[in-house]
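Colleague: My file is work-v7.pdb. It has PDB, C-alpha atoms:
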ATOM      1  CA  MET A1341       0.000   0.000   0.000
ATOM      2  CA  ILE A1342       2.764   2.473   0.892
ATOM      3  CA  PHE A1343       4.668   1.510  -2.272
ATOM      4  CA  GLU A1344       1.541   2.088  -4.397
ATOM      5  CA  ASP A1345       1.041   5.545  -2.853
ATOM      6  CA  ILE A1346       4.667   6.455  -3.578
ATOM      7  CA  MET A1347       4.363   5.230  -7.184
ATOM      8  CA  ASP A1348       1.119   7.192  -7.686
ATOM      9  CA  ARG A1349       2.774  10.351  -6.357
ATOM     10  CA  LEU A1350       5.836   9.895  -8.578
ATOM     11  CA  GLN A1351       3.753   9.202 -11.673
ATOM     12  CA  GLY A1352       1.557  12.183 -10.786
ATOM     13  CA  VAL A1353       4.613  14.446 -10.865
ATOM     14  CA  PHE A1354       5.372  13.575 -14.482
ATOM     15  CA  SER A1355       1.894  13.208 -16.005
ATOM     16  CA  ASP A1356       0.106  15.954 -17.949
ATOM     17  CA  TRP A1357      -3.138  15.551 -16.002
ATOM     18  CA  VAL A1358      -3.928  14.387 -12.467
ATOM     19  CA  GLU A1359      -6.930  13.423 -10.432
ATOM     20  CA  HIS A1360      -6.914  14.813  -6.902
ATOM     21  CA  LYS A1361      -8.446  12.146  -4.703
ATOM     22  CA  ASP A1362      -8.846  10.810  -1.213
ATOM     23  CA  ASP A1363      -9.924   7.177  -1.186
ATOM     24  CA  LYS A1364     -10.600   7.367   2.563
ATOM     25  CA  THR A1365     -13.717   9.512   2.207
ATOM     26  CA  GLN A1366     -16.790   9.178   0.048
ATOM     27  CA  TYR A1367     -17.541  12.917   0.141
ATOM     28  CA  THR A1368     -17.138  15.287  -2.803
ATOM     29  CA  ILE A1369     -18.293  18.848  -3.451
ATOM     30  CA  GLU A1370     -21.469  17.393  -4.995
ATOM     31  CA  ASP A1371     -22.621  16.241  -1.557
ATOM     32  CA  PHE A1372     -23.048  19.830  -0.345
ATOM     33  CA  ASP A1373     -25.244  22.768  -1.243
ATOM     34  CA  TYR A1374     -23.562  25.665  -3.006
ATOM     35  CA  SER A1375     -24.725  28.027  -0.252
ATOM     36  CA  THR A1376     -22.726  26.178   2.429
ATOM     37  CA  GLY A1377     -19.880  24.597   0.536
ATOM     38  CA  VAL A1378     -18.236  21.614   2.203
ATOM     39  CA  ILE A1379     -19.172  21.538   5.884
ATOM     40  CA  ALA A1380     -16.023  20.838   7.916
ATOM     41  CA  GLU A1381     -17.886  19.187  10.806
ATOM     42  CA  VAL A1382     -19.530  16.701   8.431
ATOM     43  CA  VAL A1383     -16.319  15.629   6.688
ATOM     44  CA  TYR A1384     -14.028  15.591   9.760
ATOM     45  CA  PRO A1385     -11.260  14.350   9.988
ATOM     46  CA  HIS A1386     -10.926  15.284   6.314
ATOM     47  CA  CYS A1387     -10.375  18.921   5.442
ATOM     48  CA  ASP A1388     -13.100  20.860   3.655
ATOM     49  CA  MET A1389     -10.687  22.096   0.968
ATOM     50  CA  CYS A1390      -9.560  18.533   0.211
ATOM     51  CA  VAL A1391     -13.136  17.307  -0.103
ATOM     52  CA  ALA A1392     -13.934  20.292  -2.370
ATOM     53  CA  VAL A1393     -11.502  18.869  -4.979
ATOM     54  CA  ASN A1394     -11.921  15.146  -4.294
ATOM     55  CA  LYS A1395     -12.114  13.166  -7.567
ATOM     56  CA  CYS A1396     -11.540  16.286  -9.708
ATOM     57  CA  TYR A1397      -9.295  16.465 -12.790
ATOM     58  CA  PHE A1398      -6.583  19.076 -13.207
ATOM     59  CA  LYS A1399      -3.909  20.031 -15.692
ATOM     60  CA  ASN A1400      -0.675  19.095 -13.919
ATOM     61  CA  GLU A1401       0.756  22.589 -13.605
ATOM     62  CA  ILE A1402       1.392  24.432 -10.357
ATOM     63  CA  ASP A1403      -1.108  27.223 -11.010
ATOM     64  CA  LYS A1404      -3.801  24.916 -12.425
ATOM     65  CA  LYS A1405      -4.190  22.372  -9.635
ATOM     66  CA  PRO A1406      -4.523  22.321  -5.850
ATOM     67  CA  GLN A1407      -1.420  21.860  -3.814
ATOM     68  CA  GLU A1408      -1.093  18.518  -2.069
ATOM     69  CA  LYS A1409      -1.068  18.256   1.707
ATOM     70  CA  LEU A1410      -3.750  20.848   2.250
ATOM     71  CA  GLN A1411      -4.026  19.956   5.930
ATOM     72  CA  TYR A1412      -2.320  17.941   8.648
ATOM     73  CA  ASN A1413      -2.995  14.206   8.297
ATOM     74  CA  CYS A1414      -4.123  14.716   4.690
ATOM     75  CA  HIS A1415      -4.968  11.551   2.746
ATOM     76  CA  CYS A1416      -5.129  13.197  -0.674
ATOM     77  CA  ILE A1417      -2.913  12.185  -3.540
ATOM     78  CA  GLN A1418      -2.691  13.332  -7.116
ATOM     79  CA  THR A1419      -2.739  10.321  -9.382
ATOM     80  CA  PRO A1420      -1.952  10.442 -13.087
ATOM     81  CA  ILE A1421      -4.833  10.262 -15.540
ATOM     82  CA  ASP A1422      -5.013  10.383 -19.309
ATOM     83  CA  LYS A1423      -5.600  13.787 -20.808
ATOM     84  CA  PRO A1424      -9.369  14.144 -20.886
ATOM     85  CA  ASN A1425     -11.083  14.157 -24.255
ATOM     86  CA  PRO A1426     -14.003  16.496 -24.828
ATOM     87  CA  ASP A1427     -16.264  13.416 -24.909
ATOM     88  CA  ASP A1428     -15.149  12.644 -21.331
ATOM     89  CA  ILE A1429     -16.168  16.041 -19.963
ATOM     90  CA  LYS A1430     -19.674  17.047 -18.941
ATOM     91  CA  VAL A1431     -20.680  20.696 -18.639
ATOM     92  CA  ILE A1432     -23.264  21.385 -15.956
ATOM     93  CA  MET A1433     -25.208  24.474 -17.012
ATOM     94  CA  PRO A1434     -27.783  25.452 -14.373
ATOM     95  CA  GLU A1435     -31.039  26.305 -16.122
ATOM     96  CA  PHE A1436     -31.098  29.964 -15.044
ATOM     97  CA  LYS A1437     -27.598  30.821 -16.364
ATOM     98  CA  ILE A1438     -28.467  31.402 -20.031
ATOM     99  CA  PRO A1439     -31.616  33.486 -19.309
ATOM    100  CA  TYR A1440     -29.489  35.535 -16.881
ATOM    101  CA  LEU A1441     -26.809  35.961 -19.567
ATOM    102  CA  PHE A1442     -29.366  37.242 -22.073
ATOM    103  CA  SER A1443     -31.002  39.589 -19.587
ATOM    104  CA  ASN A1444     -27.741  41.087 -18.304
ATOM    105  CA  LYS A1445     -25.299  40.858 -21.217
ATOM    106  CA  LEU A1446     -27.547  41.055 -24.256
ATOM    107  CA  GLY A1447     -25.613  44.114 -25.429
ATOM    108  CA  TRP A1448     -22.397  42.038 -25.506
ATOM    109  CA  LEU A1449     -24.105  39.284 -27.455
ATOM    110  CA  GLN A1450     -25.674  41.719 -29.910
ATOM    111  CA  ALA A1451     -22.266  43.345 -30.451
ATOM    112  CA  MET A1452     -21.029  39.868 -31.445
ATOM    113  CA  GLY A1453     -23.930  39.433 -33.905
ATOM    114  CA  TYR A1454     -26.338  37.354 -31.803
ATOM    115  CA  THR A1455     -29.994  38.013 -31.055
ATOM    116  CA  ASP A1456     -32.362  36.910 -28.329
ATOM    117  CA  GLU A1457     -33.496  34.064 -30.611
ATOM    118  CA  ASP A1458     -29.981  32.567 -30.507
ATOM    119  CA  ARG A1459     -30.148  31.353 -26.885
ATOM    120  CA  ASP A1460     -29.772  27.642 -27.671
ATOM    121  CA  GLU A1461     -26.944  28.303 -30.120
ATOM    122  CA  VAL A1462     -25.095  30.508 -27.622
ATOM    123  CA  GLU A1463     -25.510  27.917 -24.862
ATOM    124  CA  ASP A1464     -24.212  25.128 -27.122
ATOM    125  CA  LEU A1465     -21.247  27.258 -28.202
ATOM    126  CA  ILE A1466     -20.308  28.172 -24.630
ATOM    127  CA  LYS A1467     -20.541  24.552 -23.494
ATOM    128  CA  THR A1468     -18.617  23.126 -26.449
ATOM    129  CA  LEU A1469     -15.876  25.731 -26.417
ATOM    130  CA  SER A1470     -15.551  25.492 -22.626
ATOM    131  CA  TYR A1471     -15.019  21.745 -22.439
ATOM    132  CA  GLN A1472     -12.680  21.795 -25.431
ATOM    133  CA  GLU A1473     -10.493  24.490 -23.854
ATOM    134  CA  TYR A1474     -10.642  22.847 -20.422
ATOM    135  CA  CYS A1475      -9.297  19.639 -21.992
ATOM    136  CA  LEU A1476      -6.435  21.664 -23.454
ATOM    137  CA  GLY A1477      -5.685  23.078 -19.992
ATOM    138  CA  ASN A1478      -6.565  26.569 -21.215
ATOM    139  CA  TYR A1479      -7.786  27.845 -17.868
ATOM    140  CA  GLU A1480      -6.589  29.740 -14.817
ATOM    141  CA  ASN A1481      -7.239  29.142 -11.141
ATOM    142  CA  ILE A1482      -9.272  31.902  -9.541
ATOM    143  CA  LEU A1483      -9.970  30.513  -6.087
ATOM    144  CA  HIS A1484      -9.823  27.304  -4.066
ATOM    145  CA  ASN A1485     -11.854  27.131  -0.879
ATOM    146  CA  LYS A1486     -14.580  25.035   0.753
ATOM    147  CA  TYR A1487     -16.938  25.990  -2.118
ATOM    148  CA  GLY A1488     -14.724  24.301  -4.693
ATOM    149  CA  TYR A1489     -12.036  25.070  -7.253
ATOM    150  CA  LYS A1490     -13.043  28.066  -9.360
ATOM    151  CA  ILE A1491     -11.497  28.602 -12.792
ATOM    152  CA  ASN A1492     -11.764  30.902 -15.760
ATOM    153  CA  ILE A1493     -11.708  29.038 -19.062
ATOM    154  CA  PHE A1494     -10.434  31.075 -22.002
ATOM    155  CA  ILE A1495     -12.562  30.677 -25.107
ATOM    156  CA  ASP A1496     -12.473  32.164 -28.599
ATOM    157  CA  PHE A1497     -16.127  32.969 -29.226
ATOM    158  CA  PRO A1498     -17.142  33.322 -32.895
ATOM    159  CA  GLY A1499     -19.143  36.247 -34.148
ATOM    160  CA  LYS A1500     -22.367  35.743 -36.085
ATOM    161  CA  ALA A1501     -24.304  37.481 -38.880
ATOM    162  CA  GLU A1502     -22.538  40.737 -39.734
ATOM    163  CA  LYS A1503     -19.828  39.810 -37.176
ATOM    164  CA  ALA A1504     -19.140  36.382 -38.733
ATOM    165  CA  GLY A1505     -15.407  35.844 -39.057
ATOM    166  CA  ASN A1506     -14.646  37.848 -35.908
ATOM    167  CA  ILE A1507     -13.337  36.067 -32.836
ATOM    168  CA  TYR A1508     -14.044  37.430 -29.363
ATOM    169  CA  LYS A1509     -11.599  36.415 -26.656
ATOM    170  CA  ILE A1510     -13.768  35.930 -23.594
ATOM    171  CA  LYS A1511     -13.581  33.964 -20.378
ATOM    172  CA  SER A1512     -16.199  31.692 -18.889
ATOM    173  CA  CYS A1513     -16.214  30.917 -15.165
ATOM    174  CA  TYR A1514     -16.621  27.359 -13.815
ATOM    175  CA  MET A1515     -16.169  25.172 -10.767
ATOM    176  CA  ILE A1516     -14.306  21.920 -11.368
ATOM    177  CA  PHE A1517     -16.539  19.063 -10.257
ATOM    178  CA  PRO A1518     -15.762  15.359  -9.734
ATOM    179  CA  ASN A1519     -15.379  12.758 -12.443
ATOM    180  CA  GLY A1520     -14.840  15.022 -15.433
ATOM    181  CA  GLN A1521     -17.515  17.629 -14.815
ATOM    182  CA  ILE A1522     -17.322  21.403 -14.888
ATOM    183  CA  LYS A1523     -20.195  23.494 -13.505
ATOM    184  CA  CYS A1524     -20.834  26.890 -15.031
ATOM    185  CA  ASN A1525     -20.887  29.895 -12.710
ATOM    186  CA  THR A1526     -20.845  32.645 -15.353
ATOM    187  CA  PRO A1527     -21.247  31.832 -19.068
ATOM    188  CA  ILE A1528     -19.493  35.052 -20.143
ATOM    189  CA  GLY A1529     -17.403  36.467 -17.323
ATOM    190  CA  GLY A1530     -15.509  39.134 -19.216
ATOM    191  CA  TRP A1531     -12.677  39.589 -21.661
ATOM    192  CA  GLN A1532      -9.462  37.626 -21.552
ATOM    193  CA  LYS A1533      -6.482  39.656 -20.356
TER     194      LYS A1533
END
Once you've parsed the file, please lay out its structure as structure tokens.
Modeller:
Amino acid sequence: MIFEDIMDRLQGVFSDWVEHKDDKTQYTIEDFDYSTGVIAEVVYPHCDMCVAVNKCYFKNEIDKKPQEKLQYNCHCIQTPIDKPNPDDIKVIMPEFKIPYLFSNKLGWLQAMGYTDEDRDEVEDLIKTLSYQEYCLGNYENILHNKYGYKINIFIDFPGKAEKAGNIYKIKSCYMIFPNGQIKCNTPIGGWQK
């Protein structure tokens, strides 16, 4: 068992992608409401920040993954995984996100050539471009706390109609969820820097 843990850690150092996991707890971020995040008293003796990233996939770069040993007596390890394919990734898009986007950023969308009738197309584009770029590791870490691991995914959003041929460099905000899922916080969160 100790030898297997050491091998997993060594392989995790050299792989392109890792899964952050703790086999000694069944809890993940999905077991908790977004309003509370991971409740430390429920997951004790495991740390809330560890549980928030349990079974999540990360590009194996310092600024794109959680640091190991987040707490004393931590059981987490980062094991190597194959680079995810877009078919392996599921985008969770809460049902109110696209109506909110169109009510609050319709001017942005219109400037890119879209109309209110393009809601389904815009949603499909955001989802598709987001999981493709996530699989390429084209994201940045924004925050890691008991609510999860928040990232901005950088997407090249195509213009439409009179703006066809234009590319708009925007970012879309997500939480990394277990088992190859990303949950959308903000479909269009601003311009890339």
Colleague: Determine the residue set returned by the PyMOL selection byres ((chain A and resi 1372-1380) around 10) for the present structure, and present it as a ChimeraX atom specification.
Modeller: /A:1367-1371,1381-1392,1485-1488
Colleague: Show which residues sit within 12 Å of Asp1422 in chain A, as a compact mmCIF listing (two decimals) with C-alpha atoms, keeping the file's coordinate frame. Count only C-alpha atoms, and ignore same-chain residues fewer than 5 positions away.
Modeller:
# COMPACT_ATOMS: atom_id res chain seq x y z
CA GLN A 1351 3.75 9.20 -11.67
CA GLY A 1352 1.56 12.18 -10.79
CA PHE A 1354 5.37 13.58 -14.48
CA SER A 1355 1.89 13.21 -16.00
CA ASP A 1356 0.11 15.95 -17.95
CA TRP A 1357 -3.14 15.55 -16.00
CA VAL A 1358 -3.93 14.39 -12.47
CA GLU A 1359 -6.93 13.42 -10.43
CA TYR A 1397 -9.30 16.46 -12.79
CA PHE A 1398 -6.58 19.08 -13.21
CA LYS A 1399 -3.91 20.03 -15.69
CA ASN A 1400 -0.68 19.10 -13.92
CA ASP A 1428 -15.15 12.64 -21.33
CA CYS A 1475 -9.30 19.64 -21.99
CA GLY A 1520 -14.84 15.02 -15.43
Colleague: Return the single residue from A:Phe1497, A:Tyr1489, A:Tyr1508, A:Tyr1454 that is closest to Cys1524 in chain A, with distances computed using only C-alpha atoms.
Modeller: A:Tyr1489
Colleague: Env of Ile1482 in chain A: 8 Å cut, atoms = all atoms listed in the file, seq-sep filter 5 positions within chain, self excluded. Answer as a CSV table (one decimal) with C-alpha atoms, in the frame of the given file.
Modeller:
chain,number,residue,atom,x,y,z
A,1489,TYR,CA,-12.0,25.1,-7.3
A,1490,LYS,CA,-13.0,28.1,-9.4
A,1491,ILE,CA,-11.5,28.6,-12.8
A,1492,ASN,CA,-11.8,30.9,-15.8
Colleague: Could you check which of A:Lys1423, A:Lys1500, A:Lys1437, A:His1360 is closest to Glu1461 in chain A, using all atoms listed in the file?
Modeller: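 Under the stated criterion, the closest residue is A:Lys1500.
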Colleague: Measuring atom to atom with only C-alpha atoms, identify which of A:Lys1404, A:Glu1463, A:Gly1530, A:Leu1483 is nearest to Pro1434 in chain A.
Modeller: A:Glu1463
Colleague: Choose the residue, out of A:Pro1527, A:Gly1499, A:Gly1447, A:Pro1420, that has the smallest atom-to-atom separation from Met1515 in chain A; count all atoms listed in the file.
Modeller: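 Residue with the minimum atom-to-atom distance to Met1515 in chain A: A:Pro1527.
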Colleague: Give the answer as one residue: which of A:Asp1363, A:Asp1458, A:Glu1435, A:Glu1473 has the shortest atom-to-atom distance to Ile1417 in chain A, using only C-alpha atoms?
Modeller: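 Checking each of A:Asp1363, A:Asp1458, A:Glu1435, A:Glu1473 against Ile1417 in chain A, counting only C-alpha atoms, the winner is A:Asp1363.
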